[in-house]
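> What follows is the file query-v3.csv, containing CSV, C-alpha atoms:
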```csv
chain,number,residue,atom,x,y,z
A,28,MET,CA,-144.3,121.6,4.0
A,29,GLU,CA,-141.5,122.8,1.9
A,30,VAL,CA,-140.9,121.0,-1.4
A,31,THR,CA,-137.8,121.5,-3.5
A,32,VAL,CA,-138.3,120.9,-7.2
A,33,ARG,CA,-135.4,120.6,-9.6
A,34,ILE,CA,-136.9,121.1,-13.1
A,35,PHE,CA,-135.3,120.7,-16.5
A,36,ARG,CA,-135.4,123.9,-18.4
A,37,TYR,CA,-134.7,124.6,-22.1
A,38,ASP,CA,-135.8,127.6,-24.1
A,39,PRO,CA,-134.9,127.0,-27.8
A,40,GLU,CA,-134.8,130.8,-28.3
A,41,LYS,CA,-132.2,131.3,-25.6
A,42,ASP,CA,-130.4,128.1,-24.7
A,43,GLN,CA,-127.9,126.0,-26.6
A,44,ARG,CA,-128.6,123.1,-24.2
A,45,GLY,CA,-130.8,122.2,-21.3
A,46,HIS,CA,-130.1,122.9,-17.7
A,47,TYR,CA,-131.8,122.5,-14.3
A,48,GLU,CA,-133.3,125.1,-12.0
A,49,ASN,CA,-134.3,124.7,-8.4
A,50,TYR,CA,-137.5,126.1,-6.9
A,51,THR,CA,-138.9,125.8,-3.4
A,52,VAL,CA,-142.6,125.9,-2.8
A,53,GLU,CA,-145.0,125.2,0.0
A,54,ALA,CA,-147.2,122.1,-0.7
A,55,HIS,CA,-149.2,119.5,1.1
A,56,GLU,CA,-148.2,115.8,0.9
A,57,THR,CA,-151.5,115.1,-0.8
A,58,ASP,CA,-150.9,117.7,-3.5
A,59,ARG,CA,-150.0,116.4,-6.9
A,60,VAL,CA,-146.8,117.0,-8.8
A,61,LEU,CA,-148.9,118.9,-11.3
A,62,ASP,CA,-150.1,121.2,-8.4
A,63,VAL,CA,-146.4,121.8,-7.6
A,64,LEU,CA,-145.7,122.7,-11.2
A,65,GLU,CA,-148.6,125.1,-11.2
A,66,LEU,CA,-147.3,126.7,-8.1
A,67,VAL,CA,-143.9,127.1,-9.7
A,68,LYS,CA,-145.4,128.6,-12.8
A,69,GLY,CA,-147.8,130.8,-11.0
A,70,HIS,CA,-145.5,132.2,-8.3
A,71,LYS,CA,-141.9,131.6,-9.2
A,72,ASP,CA,-141.3,131.4,-12.9
A,73,GLY,CA,-144.1,132.1,-15.4
A,74,SER,CA,-141.9,131.0,-18.3
A,75,LEU,CA,-142.0,127.3,-17.2
A,76,ALA,CA,-143.7,125.3,-20.0
A,77,PHE,CA,-145.5,122.0,-19.6
A,78,ARG,CA,-148.5,120.3,-21.0
A,79,ARG,CA,-151.6,119.6,-18.9
A,80,SER,CA,-155.3,119.3,-19.6
A,81,CYS,CA,-157.8,117.2,-17.6
A,82,ALA,CA,-155.6,117.0,-14.5
A,83,HIS,CA,-157.1,113.7,-13.3
A,84,GLY,CA,-155.3,110.9,-15.3
A,85,VAL,CA,-157.5,110.4,-18.4
A,86,CYS,CA,-156.1,112.7,-21.1
A,87,GLY,CA,-152.4,111.7,-20.8
A,88,SER,CA,-151.1,115.2,-21.5
A,89,ASP,CA,-148.8,115.6,-18.5
A,90,ALA,CA,-146.6,112.5,-18.8
A,91,MET,CA,-143.1,113.3,-17.7
A,92,ARG,CA,-140.1,111.9,-15.8
A,93,ILE,CA,-140.5,112.3,-12.1
A,94,ASN,CA,-137.6,111.3,-10.0
A,95,GLY,CA,-136.2,109.3,-12.8
A,96,ARG,CA,-139.4,107.4,-13.7
A,97,ASN,CA,-142.2,108.1,-16.2
A,98,ALA,CA,-145.5,109.0,-14.6
A,99,LEU,CA,-148.5,111.4,-15.0
A,100,ALA,CA,-147.9,114.5,-13.0
A,101,CYS,CA,-151.6,114.7,-12.1
A,102,LYS,CA,-151.6,111.2,-10.6
A,103,THR,CA,-148.3,111.4,-8.7
A,104,LEU,CA,-148.7,112.8,-5.1
A,105,VAL,CA,-146.0,114.6,-3.3
A,106,ARG,CA,-146.0,112.0,-0.6
A,107,ASP,CA,-145.2,109.3,-3.3
A,108,VAL,CA,-142.0,111.1,-4.4
A,109,GLY,CA,-140.9,113.0,-1.3
A,110,THR,CA,-139.9,116.6,-0.8
A,111,GLU,CA,-137.0,116.5,-3.2
A,112,ILE,CA,-138.5,116.2,-6.7
A,113,LYS,CA,-136.7,116.1,-10.0
A,114,ILE,CA,-138.8,116.7,-13.0
A,115,GLU,CA,-137.6,116.1,-16.6
A,116,PRO,CA,-139.1,115.7,-20.0
A,117,LEU,CA,-139.8,112.2,-21.5
A,118,LEU,CA,-136.8,110.4,-23.0
A,119,GLY,CA,-136.4,109.6,-26.6
A,120,LEU,CA,-138.4,112.5,-28.1
A,121,LYS,CA,-137.1,115.9,-29.1
A,122,VAL,CA,-137.5,118.5,-26.4
A,123,THR,CA,-139.5,121.5,-27.7
A,124,LYS,CA,-139.4,123.6,-24.6
A,125,ASP,CA,-138.8,122.7,-20.9
A,126,LEU,CA,-141.0,119.7,-20.2
A,127,ILE,CA,-142.8,119.7,-23.6
A,128,VAL,CA,-141.6,117.1,-26.1
A,129,ASP,CA,-142.4,116.6,-29.8
A,130,MET,CA,-145.1,113.9,-29.9
A,131,GLU,CA,-145.2,113.6,-33.7
A,132,PRO,CA,-142.9,110.5,-34.0
A,133,PHE,CA,-145.1,108.8,-31.3
A,134,PHE,CA,-148.3,109.6,-33.1
A,135,ASP,CA,-146.8,108.6,-36.5
A,136,ASN,CA,-146.1,105.2,-35.2
A,137,TYR,CA,-149.6,104.9,-33.7
A,138,LYS,CA,-151.1,105.7,-37.1
A,139,LYS,CA,-149.1,103.0,-38.8
A,140,MET,CA,-151.1,100.4,-36.8
A,141,LEU,CA,-154.3,101.4,-38.6
A,142,PRO,CA,-156.0,102.3,-35.3
A,143,TYR,CA,-159.6,102.0,-36.6
A,144,LEU,CA,-162.1,99.3,-37.1
A,145,ILE,CA,-161.6,97.6,-40.5
A,146,ASN,CA,-164.7,95.7,-41.6
A,147,GLU,CA,-165.9,95.5,-45.2
A,148,SER,CA,-168.6,93.0,-44.5
A,149,PRO,CA,-172.2,94.0,-45.2
A,150,LEU,CA,-174.0,95.8,-42.4
A,151,PRO,CA,-176.1,93.6,-40.1
A,152,VAL,CA,-179.7,92.9,-41.4
A,153,ASP,CA,-181.2,95.4,-39.0
A,154,GLY,CA,-178.7,98.0,-39.9
A,155,ARG,CA,-177.5,98.4,-36.3
A,156,GLU,CA,-174.6,97.0,-34.2
A,157,ARG,CA,-172.1,94.3,-35.2
A,158,LEU,CA,-172.8,92.1,-32.2
A,159,GLN,CA,-170.2,90.8,-29.9
A,160,SER,CA,-170.4,88.7,-26.8
A,161,PRO,CA,-169.2,89.9,-23.4
A,162,GLU,CA,-166.4,87.3,-23.6
A,163,GLN,CA,-165.3,88.6,-27.0
A,164,ARG,CA,-165.4,92.2,-25.7
A,165,ALA,CA,-163.4,91.2,-22.6
A,166,ARG,CA,-160.6,89.7,-24.8
A,167,PHE,CA,-159.3,93.1,-25.8
A,168,ASP,CA,-160.7,95.2,-23.0
A,169,GLU,CA,-157.4,96.0,-21.4
A,170,THR,CA,-155.8,97.6,-24.4
A,171,THR,CA,-158.8,99.9,-24.9
A,172,LYS,CA,-157.7,101.8,-21.7
A,173,CYS,CA,-154.6,103.4,-23.4
A,174,ILE,CA,-154.7,107.2,-23.2
A,175,LEU,CA,-151.7,107.7,-25.5
A,176,CYS,CA,-149.7,109.5,-22.8
A,177,ALA,CA,-146.4,108.0,-24.3
A,178,ALA,CA,-145.1,107.1,-20.8
A,179,CYS,CA,-144.6,103.5,-22.0
A,180,THR,CA,-143.0,104.2,-25.3
A,181,THR,CA,-140.6,106.7,-23.9
A,182,ALA,CA,-139.6,104.2,-21.1
A,183,CYS,CA,-138.7,101.6,-23.7
A,184,PRO,CA,-135.0,101.0,-24.4
A,185,SER,CA,-135.7,99.8,-27.9
A,186,PHE,CA,-137.5,103.1,-28.6
A,187,TRP,CA,-134.6,105.0,-27.1
A,188,ALA,CA,-132.3,103.3,-29.6
A,189,SER,CA,-134.5,104.2,-32.5
A,190,GLU,CA,-137.8,106.1,-32.9
A,191,GLU,CA,-138.5,103.9,-35.9
A,192,TYR,CA,-139.5,101.2,-33.5
A,193,TYR,CA,-143.3,101.4,-33.2
A,194,GLY,CA,-143.2,101.2,-29.5
A,195,PRO,CA,-145.5,99.8,-26.8
A,196,ALA,CA,-148.4,102.2,-27.2
A,197,ALA,CA,-148.7,101.6,-31.0
A,198,LEU,CA,-148.5,97.8,-30.3
A,199,MET,CA,-151.3,98.2,-27.8
A,200,ALA,CA,-153.4,100.0,-30.5
A,201,ALA,CA,-152.7,97.0,-32.8
A,202,HIS,CA,-153.6,94.5,-30.0
A,203,ARG,CA,-156.9,96.4,-29.4
A,204,PHE,CA,-158.0,95.7,-33.0
A,205,VAL,CA,-156.3,92.4,-33.7
A,206,PHE,CA,-158.2,90.7,-30.9
A,207,ASP,CA,-161.5,92.5,-31.6
A,208,SER,CA,-163.8,89.9,-33.1
A,209,ARG,CA,-165.5,92.6,-35.2
A,210,ASP,CA,-162.3,93.6,-37.0
A,211,GLU,CA,-161.2,92.1,-40.3
A,212,GLY,CA,-157.8,93.8,-40.6
A,213,THR,CA,-155.9,91.2,-38.5
A,214,THR,CA,-153.8,89.9,-41.4
A,215,GLN,CA,-152.9,93.4,-42.5
A,216,ARG,CA,-151.9,94.5,-39.0
A,217,LEU,CA,-149.9,91.3,-38.2
A,218,GLU,CA,-147.9,91.9,-41.4
A,219,ILE,CA,-147.1,95.4,-40.2
A,220,LEU,CA,-146.1,94.0,-36.8
A,221,SER,CA,-143.8,91.4,-38.4
A,222,GLU,CA,-141.7,94.1,-40.0
A,223,THR,CA,-138.2,95.1,-38.6
A,224,ASN,CA,-139.7,97.8,-36.4
A,225,GLY,CA,-142.5,95.6,-35.0
A,226,THR,CA,-142.8,93.2,-32.1
A,227,VAL,CA,-139.4,91.7,-32.8
A,228,ARG,CA,-137.8,94.8,-31.3
A,229,CYS,CA,-139.5,94.1,-27.9
A,230,HIS,CA,-137.0,92.5,-25.6
A,231,THR,CA,-139.3,92.4,-22.5
A,232,ALA,CA,-137.5,95.1,-20.5
A,233,TYR,CA,-141.0,95.6,-18.8
A,234,ASN,CA,-140.4,99.4,-18.4
A,235,CYS,CA,-143.6,100.0,-20.3
A,236,THR,CA,-145.7,97.9,-17.9
A,237,THR,CA,-144.1,99.7,-14.9
A,238,ALA,CA,-144.6,103.1,-16.4
A,239,CYS,CA,-148.2,102.7,-17.6
A,240,PRO,CA,-150.5,104.9,-15.5
A,241,ARG,CA,-153.5,102.8,-16.6
A,242,GLY,CA,-152.1,99.6,-15.3
A,243,ILE,CA,-152.2,97.9,-18.7
A,244,HIS,CA,-150.1,94.7,-18.8
A,245,ILE,CA,-148.3,95.9,-21.9
A,246,THR,CA,-145.5,93.3,-22.1
A,247,GLU,CA,-148.1,90.5,-21.8
A,248,ALA,CA,-150.2,92.0,-24.6
A,249,ILE,CA,-147.1,92.3,-26.8
A,250,GLY,CA,-146.4,88.6,-26.0
A,251,GLU,CA,-149.9,87.7,-27.2
A,252,LEU,CA,-149.2,89.6,-30.4
A,253,LYS,CA,-146.0,87.6,-30.9
A,254,MET,CA,-147.8,84.4,-30.3
A,255,ALA,CA,-150.5,85.4,-32.8
A,256,MET,CA,-147.8,86.1,-35.4
A,257,VAL,CA,-146.0,82.8,-34.8
A,258,THR,CA,-149.0,80.5,-34.5
A,259,GLY,CA,-151.5,82.3,-36.7
A,260,LYS,CA,-154.1,81.9,-34.0
A,261,LEU,CA,-155.8,84.5,-31.9
A,262,ASP,CA,-156.7,82.2,-28.9
B,14,MET,CA,-130.5,120.2,-28.0
B,15,GLY,CA,-133.4,121.1,-30.3
B,16,SER,CA,-132.4,118.6,-33.0
B,17,ASN,CA,-131.6,115.6,-30.8
B,18,ARG,CA,-134.0,113.1,-29.2
B,19,ASN,CA,-133.2,113.7,-25.6
B,20,ILE,CA,-131.5,110.4,-25.0
B,21,SER,CA,-128.0,109.2,-24.1
B,22,LEU,CA,-126.5,106.0,-22.7
B,23,PRO,CA,-126.1,107.5,-19.2
B,24,ALA,CA,-129.7,108.8,-19.3
B,25,GLY,CA,-131.0,105.4,-20.3
B,26,ILE,CA,-129.0,103.5,-17.7
B,27,MET,CA,-130.1,106.0,-15.0
B,28,TYR,CA,-133.8,105.5,-15.8
B,29,LYS,CA,-135.5,103.9,-12.8
B,30,GLY,CA,-137.2,101.0,-14.4
B,31,GLY,CA,-137.2,98.5,-11.6
B,32,PRO,CA,-136.0,94.9,-11.2
B,33,ALA,CA,-137.0,93.9,-14.7
B,34,PHE,CA,-135.0,96.7,-16.3
B,35,LEU,CA,-132.0,95.7,-14.2
B,36,THR,CA,-132.3,92.1,-15.6
B,37,TYR,CA,-132.6,93.6,-19.1
B,38,MET,CA,-129.3,95.5,-18.7
B,39,LEU,CA,-127.5,92.6,-17.0
B,40,HIS,CA,-128.6,90.4,-19.8
B,41,ARG,CA,-126.7,92.6,-22.3
B,42,VAL,CA,-123.6,92.7,-20.1
B,43,GLY,CA,-123.8,88.9,-19.9
B,44,GLY,CA,-124.0,88.6,-23.6
B,45,ALA,CA,-121.0,90.7,-24.1
B,46,THR,CA,-119.2,88.6,-21.4
B,47,LEU,CA,-120.0,85.4,-23.3
B,48,PHE,CA,-118.7,87.0,-26.5
B,49,ILE,CA,-115.4,87.8,-24.7
B,50,PHE,CA,-115.3,84.3,-23.3
B,51,PHE,CA,-115.8,82.5,-26.6
B,52,THR,CA,-113.3,84.8,-28.3
B,53,VAL,CA,-110.7,84.1,-25.7
B,54,TYR,CA,-111.5,80.4,-25.9
B,55,VAL,CA,-111.2,80.2,-29.7
B,56,LEU,CA,-107.9,82.1,-29.6
B,57,SER,CA,-106.6,79.8,-26.9
B,58,LEU,CA,-107.4,76.8,-29.0
B,59,LEU,CA,-105.5,78.4,-31.9
B,60,GLY,CA,-102.4,78.4,-29.6
B,61,LEU,CA,-102.1,81.9,-28.3
B,62,GLY,CA,-100.3,81.4,-25.0
B,63,SER,CA,-101.6,84.6,-23.4
B,64,MET,CA,-105.2,83.5,-24.1
B,65,ARG,CA,-104.5,80.0,-22.6
B,66,ALA,CA,-103.2,81.7,-19.5
B,67,LEU,CA,-106.3,83.9,-19.4
B,68,MET,CA,-108.6,80.8,-19.7
B,69,ASN,CA,-106.9,79.5,-16.5
B,70,ASN,CA,-107.0,82.8,-14.6
B,71,TRP,CA,-109.5,82.5,-11.7
B,72,LEU,CA,-110.4,86.2,-11.8
B,73,PHE,CA,-111.3,86.0,-15.5
B,74,LEU,CA,-113.3,82.8,-14.9
B,75,THR,CA,-115.1,84.4,-11.9
B,76,PHE,CA,-116.1,87.3,-14.2
B,77,ILE,CA,-117.4,84.9,-16.8
B,78,LEU,CA,-119.3,82.8,-14.3
B,79,ILE,CA,-121.0,85.7,-12.7
B,80,PHE,CA,-122.2,87.5,-15.8
B,81,GLY,CA,-122.4,84.6,-18.3
B,82,LEU,CA,-124.4,82.5,-16.0
B,83,PHE,CA,-126.9,85.3,-15.5
B,84,HIS,CA,-127.3,85.6,-19.2
B,85,VAL,CA,-128.1,81.9,-19.5
B,86,ILE,CA,-130.6,81.8,-16.6
B,87,ASN,CA,-132.3,85.1,-17.7
B,88,GLY,CA,-132.4,83.8,-21.2
B,89,LEU,CA,-134.3,80.7,-20.0
B,90,ARG,CA,-136.7,83.0,-18.1
B,91,ILE,CA,-137.3,85.1,-21.3
B,92,SER,CA,-137.9,82.0,-23.4
B,93,ILE,CA,-140.4,80.6,-20.9
B,94,LEU,CA,-142.3,83.8,-20.8
B,95,ASP,CA,-142.3,84.1,-24.6
B,96,LEU,CA,-143.9,80.7,-24.9
B,97,TRP,CA,-146.5,81.4,-22.2
B,98,PRO,CA,-147.3,85.1,-22.3
B,99,LYS,CA,-150.0,84.8,-19.7
B,100,LEU,CA,-147.2,84.1,-17.2
B,101,MET,CA,-146.0,87.7,-17.7
B,102,LEU,CA,-148.8,88.8,-15.3
B,103,HIS,CA,-146.5,87.4,-12.6
B,104,TYR,CA,-143.2,88.7,-14.0
B,105,ARG,CA,-142.2,90.3,-10.7
B,106,SER,CA,-142.5,87.0,-8.8
B,107,ILE,CA,-140.8,85.1,-11.7
B,108,ILE,CA,-137.9,87.5,-11.6
B,109,GLN,CA,-137.5,87.0,-7.9
B,110,VAL,CA,-137.4,83.2,-8.4
B,111,GLU,CA,-134.9,83.7,-11.2
B,112,TRP,CA,-132.6,85.6,-8.8
B,113,ILE,CA,-132.9,82.8,-6.2
B,114,VAL,CA,-132.0,80.2,-8.8
B,115,TYR,CA,-129.2,82.3,-10.1
B,116,ALA,CA,-127.8,82.9,-6.6
B,117,ALA,CA,-127.9,79.1,-5.9
B,118,VAL,CA,-126.3,78.1,-9.2
B,119,ALA,CA,-123.7,80.8,-9.2
B,120,GLY,CA,-122.9,80.2,-5.6
B,121,CYS,CA,-122.2,76.5,-6.3
B,122,ALA,CA,-120.2,77.3,-9.4
B,123,LEU,CA,-118.1,79.9,-7.6
B,124,PHE,CA,-117.6,77.5,-4.7
B,125,LEU,CA,-116.2,74.8,-7.0
B,126,LEU,CA,-114.0,77.3,-8.8
B,127,PHE,CA,-112.5,78.8,-5.6
B,128,THR,CA,-112.1,75.3,-4.0
B,129,ARG,CA,-110.1,74.2,-7.0
B,130,THR,CA,-108.1,77.4,-7.3
B,131,PHE,CA,-107.3,77.9,-3.6
B,132,GLY,CA,-108.2,74.6,-2.0
B,133,GLY,CA,-105.0,72.8,-3.0
```
Let me see the file written as structure tokens.

Amino acid sequence: MEVTVRIFRYDPEKDQRGHYENYTVEAHETDRVLDVLELVKGHKDGSLAFRRSCAHGVCGSDAMRINGRNALACKTLVRDVGTEIKIEPLLGLKVTKDLIVDMEPFFDNYKKMLPYLINESPLPVDGRERLQSPEQRARFDETTKCILCAACTTACPSFWASEEYYGPAALMAAHRFVFDSRDEGTTQRLEILSETNGTVRCHTAYNCTTACPRGIHITEAIGELKMAMVTGKLD
Amino acid sequence: MGSNRNISLPAGIMYKGGPAFLTYMLHRVGGATLFIFFTVYVLSLLGLGSMRALMNNWLFLTFILIFGLFHVINGLRISILDLWPKLMLHYRSIIQVEWIVYAAVAGCALFLLFTRTFGG
């Protein structure tokens, strides 16, 4: 069937500002939006620029705004969005070219959460794993699923207002380690989260939860961080 | 274009965030509404005739009721979910309940207002 795609275009070497261009391609309803973009690039306009990698929803490279809502292009089917598709870059990050945005502010915020295990205790006697029960592992399981696609953070009104706000993805990284029983950096991380650009900037708009392609209950997890900060308890 | 962050107020408002995003935006409109209400109220207490007249204007009061009441009820919902984050798993259903409660309360309030204004 015929699919009309309206794509945001911006070439920093030629354009003062972005504009939209329309393309018409033949696609099946079970084709992905990523397939449609590949058709446009392959047969209509080779200058179209977009990020993509795994093409099956685990790398997070192709997050973009599809019909006004953040999603992964490789996980969105044509039948989900119809034959009139509008594709734009993510909001709140500088557009480098076409659908490619500058992800550095996003990753800078992620790094501020100290996204690695902090444990200065002596190694276990046998020199192997720091053991953890299945229940302890399950406590933070959901937030390990984050693929850093930035769909959540760029859907957040607080992040739109200021890229200084750490954003949902960074808060998920913090949650993953704060509730990890093996980690000893909880106090440090909660101090970071209690700063002006931390959890206090979350006003529960739920755009992050709606946008997350991994189905992570982001707003709930941020709420757990807020409770941990207020009560000092992780339960 | 290259130096800005690809965001504007219209772009943010047009983002298709769903029912929860709508409540987020209406909460801010409600907050501004209550600010206007309290400003008019204080000025009317200070004796400004025009402000007193506005406080008795049914159209103004309707506007305040609709948006101010939403701010109050939505604020209650936010507070409840902040205290019990696990309930956020059911945020869609909770927002639906919120709209029902709001419709009922606002409906009663507007009924009373219109009855007193036009009922004689």
> Up to 8 Å from chain A, what residues of chain B turn up? Count all atoms listed in the file and give them as a ChimeraX atom specification.
/B:14-20,25,27-31,33-34,36-37,91,95-96,98-102
> Convert the current residue selection to file output with C-alpha atoms, as a PDB file, in the coordinates of the input.

```pdb
ATOM      1  CA  MET B  14    -130.500 120.200 -28.000  1.00  0.00           C
ATOM      2  CA  GLY B  15    -133.400 121.100 -30.300  1.00  0.00           C
ATOM      3  CA  SER B  16    -132.400 118.600 -33.000  1.00  0.00           C
ATOM      4  CA  ASN B  17    -131.600 115.600 -30.800  1.00  0.00           C
ATOM      5  CA  ARG B  18    -134.000 113.100 -29.200  1.00  0.00           C
ATOM      6  CA  ASN B  19    -133.200 113.700 -25.600  1.00  0.00           C
ATOM      7  CA  ILE B  20    -131.500 110.400 -25.000  1.00  0.00           C
ATOM      8  CA  GLY B  25    -131.000 105.400 -20.300  1.00  0.00           C
ATOM      9  CA  MET B  27    -130.100 106.000 -15.000  1.00  0.00           C
ATOM     10  CA  TYR B  28    -133.800 105.500 -15.800  1.00  0.00           C
ATOM     11  CA  LYS B  29    -135.500 103.900 -12.800  1.00  0.00           C
ATOM     12  CA  GLY B  30    -137.200 101.000 -14.400  1.00  0.00           C
ATOM     13  CA  GLY B  31    -137.200  98.500 -11.600  1.00  0.00           C
ATOM     14  CA  ALA B  33    -137.000  93.900 -14.700  1.00  0.00           C
ATOM     15  CA  PHE B  34    -135.000  96.700 -16.300  1.00  0.00           C
ATOM     16  CA  THR B  36    -132.300  92.100 -15.600  1.00  0.00           C
ATOM     17  CA  TYR B  37    -132.600  93.600 -19.100  1.00  0.00           C
ATOM     18  CA  ILE B  91    -137.300  85.100 -21.300  1.00  0.00           C
ATOM     19  CA  ASP B  95    -142.300  84.100 -24.600  1.00  0.00           C
ATOM     20  CA  LEU B  96    -143.900  80.700 -24.900  1.00  0.00           C
ATOM     21  CA  PRO B  98    -147.300  85.100 -22.300  1.00  0.00           C
ATOM     22  CA  LYS B  99    -150.000  84.800 -19.700  1.00  0.00           C
ATOM     23  CA  LEU B 100    -147.200  84.100 -17.200  1.00  0.00           C
ATOM     24  CA  MET B 101    -146.000  87.700 -17.700  1.00  0.00           C
ATOM     25  CA  LEU B 102    -148.800  88.800 -15.300  1.00  0.00           C
TER      26      LEU B 102
END
```
> Rounded to one decimal in Å, what is the spacing between CA of Gly62 in chain B and CA of His84 in chain B?
27.9 Å
> Grab the CA of Pro132 in chain A to CA of Tyr193 in chain A distance for me, in Å with one decimal place.
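CA of Pro132 in chain A sits 9.1 Å away from CA of Tyr193 in chain A.
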> Find the spatial neighbours of Gln159 in chain A, counting only C-alpha atoms, within a cut-off of 8 Å - ignore same-chain residues fewer than 3 positions away - and output them as a list in words.
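Skipping anything fewer than 3 positions along the chain leaves Gln163, Arg164, Ser208 and Arg209 of chain A.
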> Keeping only C-alpha atoms, write the selected residues as a PDB file, in the coordinates of the input.

```
ATOM      1  CA  GLN A 163    -165.300  88.600 -27.000  1.00  0.00           C
ATOM      2  CA  ARG A 164    -165.400  92.200 -25.700  1.00  0.00           C
ATOM      3  CA  SER A 208    -163.800  89.900 -33.100  1.00  0.00           C
ATOM      4  CA  ARG A 209    -165.500  92.600 -35.200  1.00  0.00           C
TER       5      ARG A 209
END
```
> Could you jot down the CA of Arg106 in chain A to CA of Ala90 in chain A separation for me, Å, one decimal place?
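Separating CA of Arg106 in chain A from CA of Ala90 in chain A is a distance of 18.2 Å.
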> Restrict the output to range 112-130 of chain B and N, CA and C atoms, then write it as a compact mmCIF listing (two decimals), in the first residue's frame.

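Saved file selection-v1.txt follows:
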```txt
# COMPACT_ATOMS: atom_id res chain seq x y z
N TRP B 112 -11.10 11.95 36.78
CA TRP B 112 -11.98 12.70 35.88
C TRP B 112 -13.44 12.54 36.29
N ILE B 113 -13.79 11.34 36.74
CA ILE B 113 -15.18 11.10 37.17
C ILE B 113 -15.49 11.94 38.40
N VAL B 114 -14.56 11.92 39.36
CA VAL B 114 -14.75 12.71 40.59
C VAL B 114 -14.83 14.19 40.24
N TYR B 115 -13.94 14.63 39.37
CA TYR B 115 -13.93 16.05 38.97
C TYR B 115 -15.25 16.43 38.31
N ALA B 116 -15.71 15.58 37.39
CA ALA B 116 -16.96 15.88 36.68
C ALA B 116 -18.12 16.00 37.66
N ALA B 117 -18.14 15.11 38.65
CA ALA B 117 -19.22 15.13 39.62
C ALA B 117 -19.16 16.40 40.49
N VAL B 118 -17.98 16.69 41.00
CA VAL B 118 -17.83 17.85 41.88
C VAL B 118 -18.04 19.16 41.11
N ALA B 119 -17.43 19.26 39.94
CA ALA B 119 -17.57 20.48 39.13
C ALA B 119 -19.02 20.65 38.67
N GLY B 120 -19.64 19.52 38.34
CA GLY B 120 -21.03 19.57 37.91
C GLY B 120 -21.92 20.14 39.01
N CYS B 121 -21.75 19.64 40.23
CA CYS B 121 -22.54 20.14 41.36
C CYS B 121 -22.27 21.62 41.61
N ALA B 122 -20.98 21.98 41.58
CA ALA B 122 -20.60 23.36 41.87
C ALA B 122 -21.18 24.31 40.82
N LEU B 123 -21.08 23.92 39.56
CA LEU B 123 -21.62 24.77 38.49
C LEU B 123 -23.14 24.84 38.56
N PHE B 124 -23.76 23.73 38.94
CA PHE B 124 -25.22 23.73 39.09
C PHE B 124 -25.64 24.75 40.15
N LEU B 125 -24.94 24.72 41.28
CA LEU B 125 -25.26 25.67 42.36
C LEU B 125 -25.03 27.11 41.90
N LEU B 126 -23.93 27.33 41.19
CA LEU B 126 -23.59 28.68 40.72
C LEU B 126 -24.67 29.20 39.78
N PHE B 127 -25.04 28.35 38.80
CA PHE B 127 -26.01 28.79 37.79
C PHE B 127 -27.41 28.95 38.41
N THR B 128 -27.71 28.09 39.37
CA THR B 128 -29.02 28.19 40.03
C THR B 128 -29.13 29.53 40.76
N ARG B 129 -28.05 29.90 41.45
CA ARG B 129 -28.06 31.16 42.19
C ARG B 129 -28.00 32.35 41.27
N THR B 130 -27.33 32.20 40.14
CA THR B 130 -27.19 33.33 39.22
C THR B 130 -28.46 33.56 38.41
```
